[in-house]
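Structure record follows, encoded as structure tokens.
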Amino acid sequence: MVNTTVLPLSISKIRVIVFDLIALLAIYLVPAISHLISFPVYYLEPMRLMLILSIVHTSRKNAYLIAFTLPLFSLLISAHPSLIKTSLVTAELLLNVWLFFFLSEKLSNKTLGIFLSIVVSKIFYYLVKFLLVTSVLIEGDLIATPIYFQIIILFVISGYNYLMSFNRRGKAA
């Protein structure tokens, strides 16, 4: 007789699975949406947005999973960016997750933790990218997304995190 025992999935696990599928779908659709609306959607940092949504709405473990898989998924479905740049983006996102949880615990302030983790991980990204560009291991501009877009996204993400922290606890975090 075949054992057909089904392990029940909790609502929180289903929510995480649905979130991960939406994140992958969003990254999958970025090139098509960019072409459709004639706007470079990557300016909005969709991987970072998905990562921060994962940090805020799922678990630490899932945030690491998202940080590791989104750049790899992008490389596999579109052969973009290059393997070296995919590795750099993955390292940046993983650093972003680690810094967020580290700083949030040390500072007891998740909004400041999000803000600083993004700033520090971006500094890391641009320093390493500078080394890769100057050593001709990757091609392209050092800064592909205008700085003002990055600053706007930084404040939008931090504001979103603040609002979510406020709504969950009834006070600002």
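Ligands are numbered from 1 in the order shown, chains are lettered A, B, ... in the order of the structure tokens, and residues start at 1 in each chain.
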Considering only C-alpha atoms, return as an MDAnalysis selection string whatever protein or nucleic-acid residues lie within 10 Å of range 136-143 of chain A, sequence-local ones (same chain, fewer than 2 positions apart) excluded. chainID A and resid 82:85 126:127 129:134 145:147
Those of chain A in DSSP helix (DSSP H, G or I), formatted as a short mmCIF file (atom, residue, chain, number, x, y, z; two decimals) with N, CA, C and O atoms, in the first residue's frame:
```cif
data_model
loop_
_atom_site.label_atom_id
_atom_site.label_comp_id
_atom_site.auth_asym_id
_atom_site.auth_seq_id
_atom_site.Cartn_x
_atom_site.Cartn_y
_atom_site.Cartn_z
N ILE A 11 -0.62 28.32 7.03
CA ILE A 11 -0.92 29.55 6.29
C ILE A 11 0.35 30.36 6.07
O ILE A 11 0.57 30.92 5.00
N SER A 12 1.22 30.42 7.09
CA SER A 12 2.44 31.22 6.95
C SER A 12 3.37 30.61 5.89
O SER A 12 4.02 31.34 5.15
N LYS A 13 3.44 29.29 5.81
CA LYS A 13 4.28 28.66 4.78
C LYS A 13 3.70 28.90 3.39
O LYS A 13 4.44 29.13 2.44
N ILE A 14 2.39 28.83 3.28
CA ILE A 14 1.74 29.10 1.99
C ILE A 14 2.01 30.55 1.58
O ILE A 14 2.31 30.84 0.43
N ARG A 15 1.92 31.46 2.54
CA ARG A 15 2.17 32.87 2.26
C ARG A 15 3.60 33.08 1.76
O ARG A 15 3.83 33.84 0.81
N VAL A 16 4.56 32.41 2.36
CA VAL A 16 5.96 32.52 1.95
C VAL A 16 6.14 31.95 0.54
O VAL A 16 6.82 32.56 -0.30
N ILE A 17 5.53 30.82 0.27
CA ILE A 17 5.64 30.21 -1.07
C ILE A 17 5.03 31.13 -2.12
O ILE A 17 5.62 31.35 -3.18
N VAL A 18 3.85 31.67 -1.84
CA VAL A 18 3.21 32.59 -2.78
C VAL A 18 4.07 33.83 -2.98
O VAL A 18 4.27 34.29 -4.11
N PHE A 19 4.62 34.38 -1.89
CA PHE A 19 5.50 35.54 -2.01
C PHE A 19 6.68 35.22 -2.92
O PHE A 19 7.03 36.01 -3.80
N ASP A 20 7.33 34.08 -2.70
CA ASP A 20 8.51 33.71 -3.50
C ASP A 20 8.16 33.57 -4.97
O ASP A 20 8.92 34.00 -5.84
N LEU A 21 7.02 32.99 -5.26
CA LEU A 21 6.58 32.84 -6.65
C LEU A 21 6.31 34.20 -7.29
O LEU A 21 6.67 34.44 -8.45
N ILE A 22 5.70 35.10 -6.53
CA ILE A 22 5.45 36.46 -7.04
C ILE A 22 6.78 37.18 -7.29
O ILE A 22 6.94 37.87 -8.29
N ALA A 23 7.74 37.02 -6.38
CA ALA A 23 9.05 37.66 -6.55
C ALA A 23 9.73 37.15 -7.82
O ALA A 23 10.27 37.94 -8.60
N LEU A 24 9.71 35.84 -8.02
CA LEU A 24 10.32 35.28 -9.23
C LEU A 24 9.59 35.76 -10.48
O LEU A 24 10.23 36.11 -11.49
N LEU A 25 8.26 35.79 -10.43
CA LEU A 25 7.48 36.27 -11.57
C LEU A 25 7.80 37.73 -11.87
O LEU A 25 7.95 38.13 -13.03
N ALA A 26 7.93 38.55 -10.83
CA ALA A 26 8.25 39.97 -11.02
C ALA A 26 9.58 40.13 -11.74
O ALA A 26 9.70 40.91 -12.69
N ILE A 27 10.59 39.38 -11.31
CA ILE A 27 11.92 39.46 -11.94
C ILE A 27 11.85 38.93 -13.37
O ILE A 27 12.46 39.49 -14.28
N TYR A 28 11.07 37.89 -13.57
CA TYR A 28 10.90 37.32 -14.90
C TYR A 28 10.28 38.34 -15.86
O TYR A 28 10.66 38.42 -17.03
N LEU A 29 9.35 39.13 -15.36
CA LEU A 29 8.61 40.06 -16.22
C LEU A 29 9.28 41.42 -16.40
O LEU A 29 8.83 42.21 -17.23
N VAL A 30 10.32 41.73 -15.65
CA VAL A 30 10.96 43.05 -15.74
C VAL A 30 11.34 43.42 -17.18
O VAL A 30 11.00 44.51 -17.64
N PRO A 31 12.02 42.54 -17.93
CA PRO A 31 12.36 42.94 -19.31
C PRO A 31 11.13 43.21 -20.18
O PRO A 31 11.10 44.19 -20.94
N ALA A 32 10.11 42.39 -20.04
CA ALA A 32 8.90 42.58 -20.86
C ALA A 32 8.18 43.87 -20.47
O ALA A 32 7.73 44.63 -21.34
N ILE A 33 8.08 44.13 -19.19
CA ILE A 33 7.42 45.36 -18.72
C ILE A 33 8.21 46.58 -19.17
O ILE A 33 7.63 47.57 -19.63
N SER A 34 9.53 46.51 -19.06
CA SER A 34 10.38 47.63 -19.51
C SER A 34 10.14 47.93 -20.98
O SER A 34 10.02 49.10 -21.37
N HIS A 35 10.08 46.89 -21.78
CA HIS A 35 9.86 47.07 -23.22
C HIS A 35 8.45 47.61 -23.48
O HIS A 35 8.27 48.51 -24.30
N LEU A 36 7.48 47.07 -22.77
CA LEU A 36 6.09 47.46 -22.97
C LEU A 36 5.84 48.92 -22.64
O LEU A 36 5.15 49.63 -23.38
N ILE A 37 6.41 49.41 -21.55
CA ILE A 37 6.13 50.79 -21.12
C ILE A 37 7.26 51.76 -21.50
O ILE A 37 7.20 52.93 -21.14
N VAL A 41 12.59 49.53 -16.06
CA VAL A 41 12.03 49.16 -14.76
C VAL A 41 13.13 48.81 -13.76
O VAL A 41 12.95 48.97 -12.55
N TYR A 42 14.28 48.39 -14.24
CA TYR A 42 15.37 48.07 -13.32
C TYR A 42 15.80 49.31 -12.51
O TYR A 42 16.41 49.18 -11.46
N TYR A 43 15.46 50.52 -12.97
CA TYR A 43 15.73 51.72 -12.19
C TYR A 43 15.04 51.65 -10.83
O TYR A 43 15.49 52.27 -9.87
N LEU A 44 13.94 50.92 -10.76
CA LEU A 44 13.17 50.81 -9.53
C LEU A 44 13.71 49.72 -8.60
O LEU A 44 13.13 49.45 -7.56
N PRO A 46 13.98 46.25 -8.75
CA PRO A 46 12.99 45.22 -8.41
C PRO A 46 13.55 44.11 -7.51
O PRO A 46 12.82 43.60 -6.65
N MET A 47 14.80 43.74 -7.66
CA MET A 47 15.35 42.70 -6.78
C MET A 47 15.43 43.19 -5.34
O MET A 47 15.09 42.47 -4.41
N ARG A 48 15.88 44.42 -5.15
CA ARG A 48 15.95 44.97 -3.80
C ARG A 48 14.56 45.13 -3.22
O ARG A 48 14.31 44.84 -2.04
N LEU A 49 13.60 45.59 -4.03
CA LEU A 49 12.23 45.74 -3.54
C LEU A 49 11.68 44.39 -3.08
O LEU A 49 11.08 44.28 -2.00
N MET A 50 11.89 43.35 -3.88
CA MET A 50 11.43 42.02 -3.49
C MET A 50 12.14 41.54 -2.23
O MET A 50 11.54 40.92 -1.35
N LEU A 51 13.42 41.86 -2.13
CA LEU A 51 14.19 41.47 -0.95
C LEU A 51 13.65 42.16 0.30
O LEU A 51 13.43 41.51 1.34
N ILE A 52 13.40 43.45 0.22
CA ILE A 52 12.91 44.19 1.39
C ILE A 52 11.50 43.73 1.75
O ILE A 52 11.17 43.57 2.93
N LEU A 53 10.67 43.47 0.75
CA LEU A 53 9.34 42.92 1.04
C LEU A 53 9.47 41.57 1.74
O LEU A 53 8.70 41.26 2.65
N SER A 54 10.44 40.79 1.32
CA SER A 54 10.68 39.50 1.96
C SER A 54 11.12 39.69 3.41
O SER A 54 10.65 38.99 4.31
N ILE A 55 12.03 40.63 3.64
CA ILE A 55 12.49 40.91 5.01
C ILE A 55 11.31 41.33 5.90
O ILE A 55 11.15 40.86 7.01
N VAL A 56 10.48 42.22 5.37
CA VAL A 56 9.38 42.78 6.16
C VAL A 56 8.25 41.77 6.37
O VAL A 56 7.66 41.72 7.45
N HIS A 57 7.96 40.96 5.35
CA HIS A 57 6.74 40.14 5.40
C HIS A 57 6.95 38.64 5.53
O HIS A 57 5.97 37.91 5.66
N ARG A 60 13.66 35.58 8.11
CA ARG A 60 15.09 35.79 7.85
C ARG A 60 15.58 34.75 6.85
O ARG A 60 16.28 35.08 5.90
N LYS A 61 15.21 33.50 7.06
CA LYS A 61 15.62 32.41 6.18
C LYS A 61 15.15 32.66 4.74
O LYS A 61 15.90 32.49 3.79
N ASN A 62 13.91 33.10 4.61
CA ASN A 62 13.38 33.36 3.27
C ASN A 62 14.04 34.58 2.63
O ASN A 62 14.25 34.60 1.42
N ALA A 63 14.38 35.58 3.42
CA ALA A 63 15.08 36.75 2.88
C ALA A 63 16.42 36.33 2.28
O ALA A 63 16.80 36.79 1.20
N TYR A 64 17.14 35.45 2.98
CA TYR A 64 18.40 34.93 2.43
C TYR A 64 18.15 34.14 1.15
O TYR A 64 18.91 34.25 0.18
N LEU A 65 17.09 33.36 1.14
CA LEU A 65 16.75 32.57 -0.06
C LEU A 65 16.46 33.50 -1.24
O LEU A 65 16.97 33.28 -2.35
N ILE A 66 15.70 34.54 -1.01
CA ILE A 66 15.38 35.52 -2.06
C ILE A 66 16.66 36.21 -2.54
O ILE A 66 16.88 36.37 -3.75
N ALA A 67 17.51 36.63 -1.62
CA ALA A 67 18.77 37.31 -1.98
C ALA A 67 19.64 36.42 -2.85
O ALA A 67 20.31 36.91 -3.76
N PHE A 68 19.64 35.15 -2.57
CA PHE A 68 20.48 34.21 -3.33
C PHE A 68 19.85 33.83 -4.67
O PHE A 68 20.55 33.75 -5.68
N THR A 69 18.55 33.64 -4.69
CA THR A 69 17.92 33.09 -5.90
C THR A 69 17.51 34.10 -6.96
O THR A 69 17.56 33.79 -8.15
N LEU A 70 17.11 35.31 -6.58
CA LEU A 70 16.63 36.25 -7.60
C LEU A 70 17.69 36.59 -8.66
O LEU A 70 17.40 36.53 -9.85
N PRO A 71 18.93 36.94 -8.26
CA PRO A 71 19.93 37.21 -9.31
C PRO A 71 20.23 35.97 -10.16
O PRO A 71 20.38 36.08 -11.38
N LEU A 72 20.30 34.83 -9.52
CA LEU A 72 20.56 33.58 -10.25
C LEU A 72 19.42 33.28 -11.21
O LEU A 72 19.64 32.91 -12.37
N PHE A 73 18.19 33.47 -10.76
CA PHE A 73 17.02 33.26 -11.61
C PHE A 73 17.07 34.20 -12.81
O PHE A 73 16.82 33.79 -13.95
N SER A 74 17.42 35.45 -12.59
CA SER A 74 17.53 36.42 -13.68
C SER A 74 18.58 35.97 -14.70
O SER A 74 18.35 36.04 -15.91
N LEU A 75 19.71 35.50 -14.21
CA LEU A 75 20.76 35.01 -15.10
C LEU A 75 20.27 33.81 -15.91
O LEU A 75 20.49 33.74 -17.13
N LEU A 76 19.58 32.90 -15.27
CA LEU A 76 19.13 31.68 -15.95
C LEU A 76 18.05 31.94 -16.98
O LEU A 76 18.03 31.29 -18.03
N ILE A 77 17.15 32.88 -16.72
CA ILE A 77 16.05 33.10 -17.66
C ILE A 77 16.39 34.09 -18.77
O ILE A 77 15.78 34.05 -19.83
N SER A 78 17.35 34.98 -18.51
CA SER A 78 17.62 36.00 -19.51
C SER A 78 19.09 36.14 -19.88
O SER A 78 19.43 37.00 -20.68
N LEU A 83 27.70 36.41 -15.39
CA LEU A 83 27.92 35.59 -14.20
C LEU A 83 28.66 36.37 -13.11
O LEU A 83 28.31 36.29 -11.93
N ILE A 84 29.66 37.16 -13.50
CA ILE A 84 30.41 37.94 -12.51
C ILE A 84 29.51 38.98 -11.85
O ILE A 84 29.49 39.13 -10.63
N LYS A 85 28.72 39.68 -12.66
CA LYS A 85 27.83 40.70 -12.09
C LYS A 85 26.71 40.04 -11.28
O LYS A 85 26.30 40.58 -10.25
N THR A 86 26.24 38.89 -11.71
CA THR A 86 25.24 38.16 -10.93
C THR A 86 25.80 37.82 -9.56
O THR A 86 25.12 37.96 -8.54
N SER A 87 27.05 37.39 -9.53
CA SER A 87 27.70 37.08 -8.25
C SER A 87 27.81 38.33 -7.38
O SER A 87 27.59 38.26 -6.16
N LEU A 88 28.13 39.45 -7.99
CA LEU A 88 28.23 40.72 -7.26
C LEU A 88 26.87 41.13 -6.69
O LEU A 88 26.77 41.50 -5.52
N VAL A 89 25.83 41.06 -7.51
CA VAL A 89 24.49 41.42 -7.05
C VAL A 89 24.05 40.49 -5.93
O VAL A 89 23.49 40.93 -4.92
N THR A 90 24.33 39.21 -6.07
CA THR A 90 23.99 38.24 -5.03
C THR A 90 24.70 38.58 -3.73
O THR A 90 24.08 38.61 -2.65
N ALA A 91 25.99 38.87 -3.81
CA ALA A 91 26.76 39.25 -2.61
C ALA A 91 26.19 40.51 -1.98
O ALA A 91 26.06 40.59 -0.75
N GLU A 92 25.84 41.48 -2.81
CA GLU A 92 25.26 42.72 -2.28
C GLU A 92 23.95 42.46 -1.55
O GLU A 92 23.73 42.96 -0.45
N LEU A 93 23.07 41.67 -2.15
CA LEU A 93 21.78 41.39 -1.53
C LEU A 93 21.93 40.56 -0.25
O LEU A 93 21.23 40.80 0.74
N LEU A 94 22.84 39.59 -0.28
CA LEU A 94 23.10 38.80 0.94
C LEU A 94 23.65 39.69 2.06
O LEU A 94 23.25 39.56 3.21
N LEU A 95 24.56 40.59 1.70
CA LEU A 95 25.09 41.54 2.67
C LEU A 95 23.97 42.43 3.21
O LEU A 95 23.90 42.70 4.41
N ASN A 96 23.07 42.86 2.33
CA ASN A 96 21.94 43.69 2.73
C ASN A 96 21.09 42.98 3.78
O ASN A 96 20.73 43.57 4.81
N VAL A 97 20.81 41.70 3.56
CA VAL A 97 20.01 40.94 4.52
C VAL A 97 20.75 40.82 5.86
O VAL A 97 20.19 41.11 6.92
N TRP A 98 22.01 40.39 5.78
CA TRP A 98 22.78 40.21 7.02
C TRP A 98 22.87 41.52 7.79
O TRP A 98 22.64 41.55 9.00
N LEU A 99 23.21 42.60 7.10
CA LEU A 99 23.33 43.90 7.76
C LEU A 99 22.01 44.34 8.38
O LEU A 99 22.00 44.89 9.48
N PHE A 100 20.91 44.10 7.66
CA PHE A 100 19.61 44.50 8.22
C PHE A 100 19.37 43.83 9.57
O PHE A 100 19.06 44.49 10.56
N PHE A 101 19.51 42.52 9.61
CA PHE A 101 19.23 41.81 10.86
C PHE A 101 20.26 42.16 11.94
O PHE A 101 19.90 42.34 13.11
N PHE A 102 21.51 42.29 11.57
CA PHE A 102 22.54 42.67 12.52
C PHE A 102 22.28 44.06 13.09
O PHE A 102 22.26 44.26 14.32
N LEU A 103 22.06 45.03 12.21
CA LEU A 103 21.85 46.42 12.66
C LEU A 103 20.54 46.59 13.41
O LEU A 103 20.47 47.34 14.39
N SER A 104 19.51 45.89 12.96
CA SER A 104 18.22 46.00 13.64
C SER A 104 18.31 45.51 15.08
O SER A 104 17.68 46.09 15.98
N GLU A 105 19.08 44.45 15.30
CA GLU A 105 19.25 43.94 16.66
C GLU A 105 20.12 44.89 17.49
O GLU A 105 19.82 45.14 18.65
N LYS A 106 21.18 45.41 16.89
CA LYS A 106 22.10 46.30 17.62
C LYS A 106 21.47 47.66 17.91
O LYS A 106 21.68 48.24 18.97
N LEU A 107 20.72 48.18 16.95
CA LEU A 107 20.15 49.52 17.07
C LEU A 107 18.74 49.52 17.64
O LEU A 107 18.21 50.57 17.98
N LYS A 110 14.29 49.04 13.28
CA LYS A 110 14.26 48.37 11.98
C LYS A 110 14.32 49.35 10.81
O LYS A 110 14.88 49.04 9.78
N THR A 111 13.74 50.52 10.97
CA THR A 111 13.77 51.50 9.88
C THR A 111 15.19 51.97 9.64
O THR A 111 15.66 52.01 8.50
N LEU A 112 15.90 52.29 10.70
CA LEU A 112 17.30 52.69 10.57
C LEU A 112 18.13 51.51 10.06
O LEU A 112 19.04 51.68 9.26
N GLY A 113 17.78 50.30 10.50
CA GLY A 113 18.47 49.09 10.04
C GLY A 113 18.32 48.90 8.54
O GLY A 113 19.29 48.59 7.84
N ILE A 114 17.10 49.10 8.02
CA ILE A 114 16.87 48.99 6.57
C ILE A 114 17.68 50.05 5.84
O ILE A 114 18.37 49.77 4.87
N PHE A 115 17.57 51.28 6.31
CA PHE A 115 18.25 52.40 5.66
C PHE A 115 19.76 52.16 5.58
O PHE A 115 20.36 52.22 4.51
N LEU A 116 20.37 51.88 6.73
CA LEU A 116 21.82 51.70 6.76
C LEU A 116 22.27 50.44 6.02
O LEU A 116 23.32 50.45 5.38
N SER A 117 21.49 49.39 6.09
CA SER A 117 21.88 48.15 5.40
C SER A 117 21.89 48.36 3.89
O SER A 117 22.76 47.83 3.19
N ILE A 118 20.95 49.14 3.39
CA ILE A 118 20.93 49.43 1.95
C ILE A 118 22.12 50.32 1.58
O ILE A 118 22.82 50.04 0.59
N VAL A 119 22.36 51.36 2.36
CA VAL A 119 23.47 52.28 2.05
C VAL A 119 24.81 51.54 2.07
O VAL A 119 25.61 51.64 1.13
N VAL A 120 25.06 50.76 3.11
CA VAL A 120 26.34 50.05 3.22
C VAL A 120 26.48 48.99 2.13
O VAL A 120 27.56 48.86 1.53
N SER A 121 25.41 48.26 1.83
CA SER A 121 25.50 47.24 0.78
C SER A 121 25.71 47.88 -0.59
O SER A 121 26.41 47.33 -1.44
N LYS A 122 25.14 49.06 -0.81
CA LYS A 122 25.38 49.77 -2.08
C LYS A 122 26.83 50.26 -2.17
O LYS A 122 27.44 50.20 -3.23
N ILE A 123 27.37 50.75 -1.08
CA ILE A 123 28.78 51.17 -1.07
C ILE A 123 29.67 49.97 -1.40
O ILE A 123 30.58 50.07 -2.23
N PHE A 124 29.38 48.83 -0.78
CA PHE A 124 30.11 47.60 -1.09
C PHE A 124 30.00 47.27 -2.59
O PHE A 124 31.00 47.00 -3.26
N TYR A 125 28.77 47.31 -3.11
CA TYR A 125 28.53 47.00 -4.51
C TYR A 125 29.35 47.89 -5.43
O TYR A 125 30.03 47.41 -6.35
N TYR A 126 29.31 49.20 -5.19
CA TYR A 126 30.02 50.12 -6.08
C TYR A 126 31.53 50.04 -5.93
O TYR A 126 32.25 50.23 -6.92
N LEU A 127 32.02 49.76 -4.76
CA LEU A 127 33.47 49.56 -4.60
C LEU A 127 33.95 48.33 -5.37
O LEU A 127 34.94 48.39 -6.10
N VAL A 128 33.23 47.23 -5.21
CA VAL A 128 33.62 46.01 -5.92
C VAL A 128 33.41 46.18 -7.43
O VAL A 128 34.25 45.77 -8.24
N LYS A 129 32.31 46.81 -7.81
CA LYS A 129 32.07 47.03 -9.24
C LYS A 129 33.17 47.91 -9.84
O LYS A 129 33.62 47.67 -10.97
N PHE A 130 33.59 48.93 -9.11
CA PHE A 130 34.68 49.77 -9.58
C PHE A 130 35.93 48.94 -9.85
O PHE A 130 36.58 49.08 -10.89
N LEU A 131 36.25 48.06 -8.91
CA LEU A 131 37.42 47.18 -9.10
C LEU A 131 37.24 46.26 -10.32
O LEU A 131 38.20 46.04 -11.08
N LEU A 132 36.04 45.74 -10.51
CA LEU A 132 35.77 44.85 -11.64
C LEU A 132 35.81 45.59 -12.98
O LEU A 132 36.33 45.06 -13.96
N VAL A 133 35.29 46.81 -13.01
CA VAL A 133 35.29 47.60 -14.24
C VAL A 133 36.72 48.03 -14.59
O VAL A 133 37.14 47.93 -15.75
N THR A 134 37.46 48.51 -13.60
CA THR A 134 38.83 48.97 -13.86
C THR A 134 39.77 47.82 -14.21
O THR A 134 40.76 48.03 -14.91
N ILE A 147 21.69 58.05 -9.62
CA ILE A 147 21.76 58.14 -8.16
C ILE A 147 20.46 58.65 -7.57
O ILE A 147 20.01 58.16 -6.53
N TYR A 148 19.82 59.62 -8.22
CA TYR A 148 18.59 60.16 -7.64
C TYR A 148 17.50 59.11 -7.57
O TYR A 148 16.70 59.09 -6.63
N PHE A 149 17.44 58.17 -8.53
CA PHE A 149 16.49 57.06 -8.45
C PHE A 149 16.82 56.19 -7.24
O PHE A 149 15.93 55.76 -6.50
N GLN A 150 18.10 55.92 -7.04
CA GLN A 150 18.51 55.08 -5.92
C GLN A 150 18.17 55.73 -4.58
O GLN A 150 17.75 55.05 -3.64
N ILE A 151 18.33 57.04 -4.49
CA ILE A 151 18.01 57.75 -3.25
C ILE A 151 16.50 57.73 -3.01
O ILE A 151 16.04 57.50 -1.88
N ILE A 152 15.72 57.95 -4.07
CA ILE A 152 14.26 57.90 -3.93
C ILE A 152 13.83 56.51 -3.46
O ILE A 152 13.03 56.40 -2.51
N ILE A 153 14.35 55.47 -4.08
CA ILE A 153 14.01 54.09 -3.70
C ILE A 153 14.42 53.83 -2.25
O ILE A 153 13.68 53.21 -1.48
N LEU A 154 15.59 54.31 -1.85
CA LEU A 154 16.06 54.15 -0.48
C LEU A 154 15.05 54.73 0.51
O LEU A 154 14.68 54.09 1.50
N PHE A 155 14.57 55.94 0.25
CA PHE A 155 13.62 56.58 1.16
C PHE A 155 12.23 55.93 1.09
O PHE A 155 11.55 55.81 2.11
N VAL A 156 11.82 55.49 -0.10
CA VAL A 156 10.53 54.80 -0.22
C VAL A 156 10.56 53.49 0.56
O VAL A 156 9.63 53.18 1.32
N ILE A 157 11.63 52.72 0.40
CA ILE A 157 11.75 51.45 1.12
C ILE A 157 11.81 51.68 2.62
O ILE A 157 11.13 50.99 3.39
N SER A 158 12.59 52.65 3.05
CA SER A 158 12.70 52.94 4.49
C SER A 158 11.35 53.41 5.04
O SER A 158 10.94 53.01 6.14
N GLY A 159 10.66 54.26 4.28
CA GLY A 159 9.34 54.72 4.70
C GLY A 159 8.33 53.59 4.79
O GLY A 159 7.54 53.51 5.73
N TYR A 160 8.38 52.70 3.81
CA TYR A 160 7.49 51.53 3.83
C TYR A 160 7.78 50.68 5.07
O TYR A 160 6.86 50.26 5.77
N ASN A 161 9.05 50.44 5.34
CA ASN A 161 9.41 49.65 6.52
C ASN A 161 8.93 50.34 7.80
O ASN A 161 8.42 49.69 8.71
N TYR A 162 9.08 51.65 7.86
CA TYR A 162 8.60 52.40 9.02
C TYR A 162 7.09 52.22 9.19
O TYR A 162 6.61 51.93 10.29
N LEU A 163 6.34 52.37 8.10
CA LEU A 163 4.89 52.22 8.18
C LEU A 163 4.49 50.81 8.60
O LEU A 163 3.56 50.63 9.39
N MET A 164 5.17 49.81 8.08
CA MET A 164 4.87 48.43 8.44
C MET A 164 5.22 48.16 9.90
O MET A 164 4.48 47.49 10.60
N SER A 165 6.32 48.71 10.38
CA SER A 165 6.70 48.55 11.78
C SER A 165 5.68 49.24 12.68
O SER A 165 5.29 48.71 13.71
N PHE A 166 5.25 50.42 12.27
CA PHE A 166 4.27 51.18 13.04
C PHE A 166 2.95 50.44 13.10
O PHE A 166 2.35 50.30 14.15
N ASN A 167 2.48 49.92 11.96
CA ASN A 167 1.20 49.23 11.90
C ASN A 167 1.20 47.93 12.70
O ASN A 167 0.19 47.57 13.28
N ARG A 168 2.30 47.21 12.73
CA ARG A 168 2.35 45.93 13.42
C ARG A 168 2.39 46.09 14.94
O ARG A 168 1.90 45.25 15.66
N ARG A 169 3.03 47.13 15.42
CA ARG A 169 3.21 47.28 16.85
C ARG A 169 2.35 48.37 17.47
O ARG A 169 2.32 48.51 18.67
#
```
